[in-house]
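Asks: Could you have a look at this structure, given as structure tokens, before my questions?
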Amino acid sequence: MIKFILNGEEVTSNANPNERLLDVLRNEFRLTGAKCGCKEGECGACSVILNEKLVNSCMVAMGSIEGSTVMTIEGYSKTDRFTVLENAYAAVSAVQCGFCIPGMMLASERILAENPNPTEEDIRRGISGNLCRCTGYNAIVEAIGIAAKEGKGLW
Amino acid sequence: MVKSYLATSLKEALEIRGRESITPYAGGTDLMIEAHDDASYLFLNKIPELKQITVDDEYIRIGAASTFTEVYQSKLVPQILKDAVIEIAAPAIRNLGTIGGNICNGSPKGDSVLIFFATDSKLRLASSKGERILPIKDFYLGRKKLAIQDDELLVEILMSKTGLDNYYYKKIGARNALAISRVSFAGVLDIKDGKVVNCMTAFGAVSDVVIRRPDIDGMLIGKTIDEAKAVKEKYLAAFDEAIVPIRGRVSAEYRKSVCMNLLKDFLESNGI
Amino acid sequence: MEAISKSVKKMDHDAKVSGQALYVDDIIMDDMLYGKMLRSTKAKARIKNITLPNISAGYFVVDKNDVPGENKIHVVEEDMPVFPVDTVEYVGDPILMVVGPDKKEIGKILSEIVVDYEELEPVFDVRKSDVSFFHYNYAKGDVDKAFEEADRIITETFETGHQEQAYLETNGLIAYPHDGRMTVRGSMQCPYYVFGAVAKAIGYDKKDIQIIQDVTGGGFGGKEDYPSILACQLAVAAIKANKPVKYVFERREDIEFTSKRHPSICTYKAAIKNGRVTGMDIDVTYNSGAYTTLTNVVLQRGIIGASGVYNITNLRVTGDAKKTNTVPNGAMRGFGAPQTFFAIEMMMLHIAKELGVDSLKFKEQHMVKQGDATSTSGQFHFHVPLPEMVERADQLSDFRKKRELYKNQTGRYRKGIGISLVYHGCGFTGSGERDFIKAVARLKKNADDTVEILISITDMGQGAKTTFSKIVADTLGISIDKVIFANPDTDRVPDSGPTVASRSLMVVGQLIKRAAEKLKVQWKSGEEQMIEEHYVHPDFLIPFDINTFHGDAYPTYSWSVNVIELEVDTLTATTNVLGAWGVYDVGTPLDLNILHGQMQGGFLQSIGYASMEQINYNEKGIIRNNSFSDYIIPTSMDVPNMVTDIIEVPYIEGPYGAKGAGELPNVGPAPAYIDALENALENRINHIPYTQEDTMKYLQEVAK
């Protein structure tokens, strides 16, 4: 029994301690926003925010997160910051197939949380672990820059 | 039945480690790639003694379960280590992965491992029976073979407080992020009053173990820049012989060429 | 700017950005089982015997004996079985499927199955293959005479490697039997391709088969033929188990065993007279892999484009697709064109260098114009905007100035700038639309005055839902919120053809526009109405004969000019892209943001193709780099902001003047990248990918 805080609520998981957080989120909690793109920490499609840090949930064993805080795209999408970010993504049509997007949005959040006025280089480094095959990254980088401007005071 | 432990103190962790056949898990970013269903883990990520970064009279002491991000953000960590750590994978991996895991993975490609070799850093290992300190060179016995006992944990990495400011570091990966090192080089040259006080070089991802040859580096120690220039050819020739890349998917010729090019550049950028 | 080009918020943005969009692996059905293949470990062998372990209740082994219909997968030909009869032809050939409720137990069963192989001699090197699946040739003018009269003859061979589509969502489907019917749903580009294949494999009446596309996380051609293969295997399994069966590929499995871009070897022989190319003899060989899948069509497009954007009046082209005992290659964005366009661009560059002339000027001297004949004796019926596109590209990138500047560099860091000129033939080759696809589109007006688009075109990220809805909304003068475009379900949509060949907007968009125009005239508020439109072949086309490769292979062409600037660190032989510019003519853009997004995405895929992407087979026919850590695709730190610009030459037969756009961006960047590398290194390159090792090898040779 592993207790942790999931999207602001205290929950208990029946998972074995060596099960992947990604699988537990998707199967036990039916939060399917985090996707499995590679299962080896190389693509970022499974990104979640763990104790306020971006992580690949496929790399996290359940036994390591007792008492920790986890935020998924489902939880994040209820925030004001999400609204600013997703409006920015919409403005430049940065969402194509969408599979990288939940992870990309959480990576965007962490870039701005750690640096509310990021340079393009900061942004590209911040999403460097989120592979996208559709966009070439241009529109995503632009969207994060727009959110930084529009979201003054939020981050 | 899968057993696992989330230790909250070093003492507790060592006690479990001494008693059970168990896999220490710090960040999980290597372990979880080939995760076995019935693996038993000793989770180290919440042990305060393993996450401290402090400085005392002699050393900068970095807890083995410090994540790469924590190392990068610490004001106490030397810049040479930060330069290597920021090149590891991507933010999400750096937020979980630890330098202890990087070392205990045993791979010659470990980015922070290269720096610890190039700075002659030491490792503090502990068991419930006691502890020992050994130079990182002595920790690697061969390809993925480590001088660690089944009841030991890596607790801290001890780095020198001085002499690391003048350094050279380069990692070559297949791309600019999410890249495993194909070849890497780090060099430290400590010059005082026109004389080489210390010279330390290391080559990563080339052989079974990081290549560190203090005997060859010693050729430059105690010399003035001009004297060092005089032995430069011999120095390079010695490394040319010492660096024998193992056959692998990355061409050996390529890695050898890069190693020698970077070594030369390291010397030339210091006027040698 | 046309009003339609103005960007709107994408229709699928909300669901995807919030994580609510459901991809196939997000879907769980009651009683659902999982499937996993037992794959051949030999590249070529006869299966002598298969020994199965005891299998617990609720678990099934599905193989050739369980195929109720024909043990054949219909792609273009039907040479691939649903499950092998007695031979395996490549490592990974799926011999049987184990199905059951628990993945661990399935894994255990798989590990206990013993296959007794009689190993046969595989062929891995396409040069050594004596099985040519397809052979084509065509010619125009008098090539032999051109060679007789030539001042010089230059010959060179170019090679390109595999490319993996690397969609972020792997291949995956669910097959479920119900009420005597079979439904297959999941990640796919072509529901009706899957429909036809499944119908044959399970032998059900067409009315009892249903194929549904789910939200698809990228395709790039990798889900054009492959889902048909998986669907047949899965439908057979679902019949045997009489329960839903899901198969979602693990990443390693997808990289290792699904179709990729065909590697190529192209030999060009050029006749030069008075400083101009007067004739070319081109020989193209594509490595098909073990089965044909889409190879004949890929080869056709490749050889049709073999002379590129140049007016070569004396031309002979031969093409072969040869069998090797490797994973069958299939479709990837560009579909045969990236291979030959790489070759022709490099050939023209190298000829110019041999002649000691400016390569861009040399290319410009040979560029086709409106009215010129195509390679296959068709015609470029419409304006060819290459000259103005070259100027625009030069303005944006300073190409000519930098080209001069970057000659004779000696420092550690060497910069280079390169350019390429390409086209992409829009739509299906020849009369495929008229004779095979015969696209049908429907618009359904509901009683509440919403309008639903009923077509088999799938949105896999390229924005079809948005662009098609814009056509309907704009034509009818209604809000886009009143337009519905659901993921295609063959129970509800007619066969509008596959989502391939850059045809969707140009062909099916035009049908939808016509339907909307009709609906506008016939509109009855409060009533249900249905308008159906059928494909009409443009009458200006010179008929194309696929046997002689004579006539208009494509109704029109989209054009691009790409410039890439890079810097090589000669100490480490690493290369960084400093600048990337693309100028594109795809007719009228139907949404600017969507168009730029498509151009940028393809741009980066093509840069990857030239520089870091490769598939490494070992001596046993096994792909060694089967994970995302060693099949390397570009990250956000591997590319600068790409500048994409549009020049519009509207196409009369396309909706609002739109032409095909999806694949064009994958054709030009690779040769532009290599041109830039040659500028930096002053070497000659004839293969891609050109890697760090290749660069170092060259630098070491020069140093000697």
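Starting from 1 in every chain, residues are counted up; chains themselves are A, B, ... following the order of the structure tokens, and ligands are numbered from 1 as listed.
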Tell me as an MDAnalysis selection string which residues belonging to chain B come within 7 Å of chain C, counting only C-alpha atoms.
Replies: chainID B and resid 175:177 251 254 258 261:262
Asks: With N, CA and C atoms retained, export the selected residues as a PDB file, in the first residue's frame.
Replies:
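File out.pdb, as written:
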ATOM      1  N   ARG B 175      23.659  13.380 -30.500  1.00  0.00           N
ATOM      2  CA  ARG B 175      22.852  14.592 -30.666  1.00  0.00           C
ATOM      3  C   ARG B 175      23.071  15.462 -29.449  1.00  0.00           C
ATOM      4  N   ASN B 176      22.430  16.626 -29.375  1.00  0.00           N
ATOM      5  CA  ASN B 176      22.755  17.605 -28.343  1.00  0.00           C
ATOM      6  C   ASN B 176      22.027  17.408 -27.019  1.00  0.00           C
ATOM      7  N   ALA B 177      21.093  16.503 -26.956  1.00  0.00           N
ATOM      8  CA  ALA B 177      20.425  16.171 -25.696  1.00  0.00           C
ATOM      9  C   ALA B 177      20.042  14.700 -25.781  1.00  0.00           C
ATOM     10  N   SER B 251      32.690   3.708 -34.035  1.00  0.00           N
ATOM     11  CA  SER B 251      33.978   3.309 -34.600  1.00  0.00           C
ATOM     12  C   SER B 251      35.136   3.651 -33.666  1.00  0.00           C
ATOM     13  N   TYR B 254      37.221   6.529 -34.888  1.00  0.00           N
ATOM     14  CA  TYR B 254      36.609   7.829 -34.612  1.00  0.00           C
ATOM     15  C   TYR B 254      36.923   8.273 -33.198  1.00  0.00           C
ATOM     16  N   VAL B 258      39.148  11.556 -31.932  1.00  0.00           N
ATOM     17  CA  VAL B 258      38.587  12.625 -31.106  1.00  0.00           C
ATOM     18  C   VAL B 258      39.407  12.781 -29.827  1.00  0.00           C
ATOM     19  N   ASN B 261      42.628  14.548 -30.615  1.00  0.00           N
ATOM     20  CA  ASN B 261      42.359  15.951 -30.977  1.00  0.00           C
ATOM     21  C   ASN B 261      42.061  16.788 -29.744  1.00  0.00           C
ATOM     22  N   LEU B 262      41.228  16.262 -28.852  1.00  0.00           N
ATOM     23  CA  LEU B 262      40.855  17.027 -27.668  1.00  0.00           C
ATOM     24  C   LEU B 262      42.044  17.178 -26.722  1.00  0.00           C
TER      25      LEU B 262
END
Asks: Taking only residues of chain B that have an atom at most 6 Å from an atom of chain A, what is each one's shortest atom pair and its distance in Å to one decimal, using only C-alpha atoms, in chain and number order, as JSON lines?
Replies:
{"residue": "B:Thr29", "atom": "CA", "partner": "A:Met59", "partner_atom": "CA", "distance": 5.5}
{"residue": "B:Met32", "atom": "CA", "partner": "A:Met59", "partner_atom": "CA", "distance": 5.3}
{"residue": "B:Ile33", "atom": "CA", "partner": "A:Glu40", "partner_atom": "CA", "distance": 4.9}
{"residue": "B:Phe43", "atom": "CA", "partner": "A:Ser64", "partner_atom": "CA", "distance": 5.8}
{"residue": "B:Ala90", "atom": "CA", "partner": "A:Gly129", "partner_atom": "CA", "distance": 4.6}
{"residue": "B:Ala92", "atom": "CA", "partner": "A:Val55", "partner_atom": "CA", "distance": 4.1}
Asks: Please identify all residues of chain A having at least one atom at most 6 Å from any atom of chain C, considering only C-alpha atoms, and return them as a list in words.
Replies: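 The selection requested is Thr32, Gly33, Gly37, Cys38, Ser77, Ala90, Ser93, Gln96, Cys97, Gly98, Phe99, Pro102, Arg124, Ser128, Leu131, Cys134, Thr135, Gly136, Tyr137 and Asn138 of chain A.
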Asks: Do you know which residues are at most 9 Å from Phe139 (chain B) counting only C-alpha atoms, after dropping those on the same chain fewer than 6 positions away, and could you put them as a PyMOL selection string?
Replies: chain B and resi 123+145-148
Asks: Identify, on the basis of only C-alpha atoms, every residue whose closest approach to region 103-112 of chain B does not exceed 10 Å; exclude the query and any residue fewer than 6 positions from it along the same chain; express the result as an MDAnalysis selection string.
Replies: chainID B and resid 24 30:31 64 68 80:89 118 123 136 139:148 153:154 157 171 180:185 203:211
Asks: Return as a ChimeraX atom specification the full set of residues in region 271-372 of chain C whose backbone-based DSSP assignment is alpha helix (DSSP H).
Replies: /C:295-304,337-355,359-366
Asks: Please determine, counting only C-alpha atoms, which residue among A:Met1, A:Thr72, A:Gly8, A:Leu21 has the shortest atom-to-atom distance to Glu109 (chain A).
Replies: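 Smallest distance to Glu109 (chain A) is found for A:Thr72.
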Asks: Counting only C-alpha atoms, what is within 10 Å of Ala343 (chain C), bar same-chain residues fewer than 2 positions away, as an MDAnalysis selection string?
Replies: chainID C and resid 156:160 264:268 282 284 306:308 337:341 345:349 671 686:687
Asks: Would you list the contacts of Gly334 (chain C) as a list in words, taking every protein, DNA or RNA residue within 8 Å and counting only C-alpha atoms, but skipping same-chain residues closer than 3 positions in sequence?
Replies: Ala337, Pro338, His424, Ala501, Glu663, Leu664, Asn666 and Val667 of chain C
Asks: Rounded to one decimal, what separation in Å do you get between CA of Phe133 (chain C) and CA of Val327 (chain C)?
Replies: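 Rounded to one decimal, the two atoms are 14.9 Å apart.
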Asks: Would you return as a VMD selection string the members of region 266-472 of chain C that DSSP assigns to strand (DSSP E) on this structure's backbone?
Replies: chain C and resid 266 to 273 276 to 289 314 to 323 413 to 425 440 to 445 451 to 454
Asks: So the first atom is CA of Ile542 (chain C) and the second is CA of Tyr557 (chain C); what is the distance between them in Å, to one decimal place?
Replies: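 So the two atoms, CA of Ile542 (chain C) and CA of Tyr557 (chain C), lie 14.6 Å apart.
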Asks: Quick one: distance from CA of Ser68 (chain A) to CA of Asp37 (chain B) in Å, one decimal?
Replies: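 Taking CA of Ser68 (chain A) as the start and CA of Asp37 (chain B) as the end point, the length is 22.7 Å.
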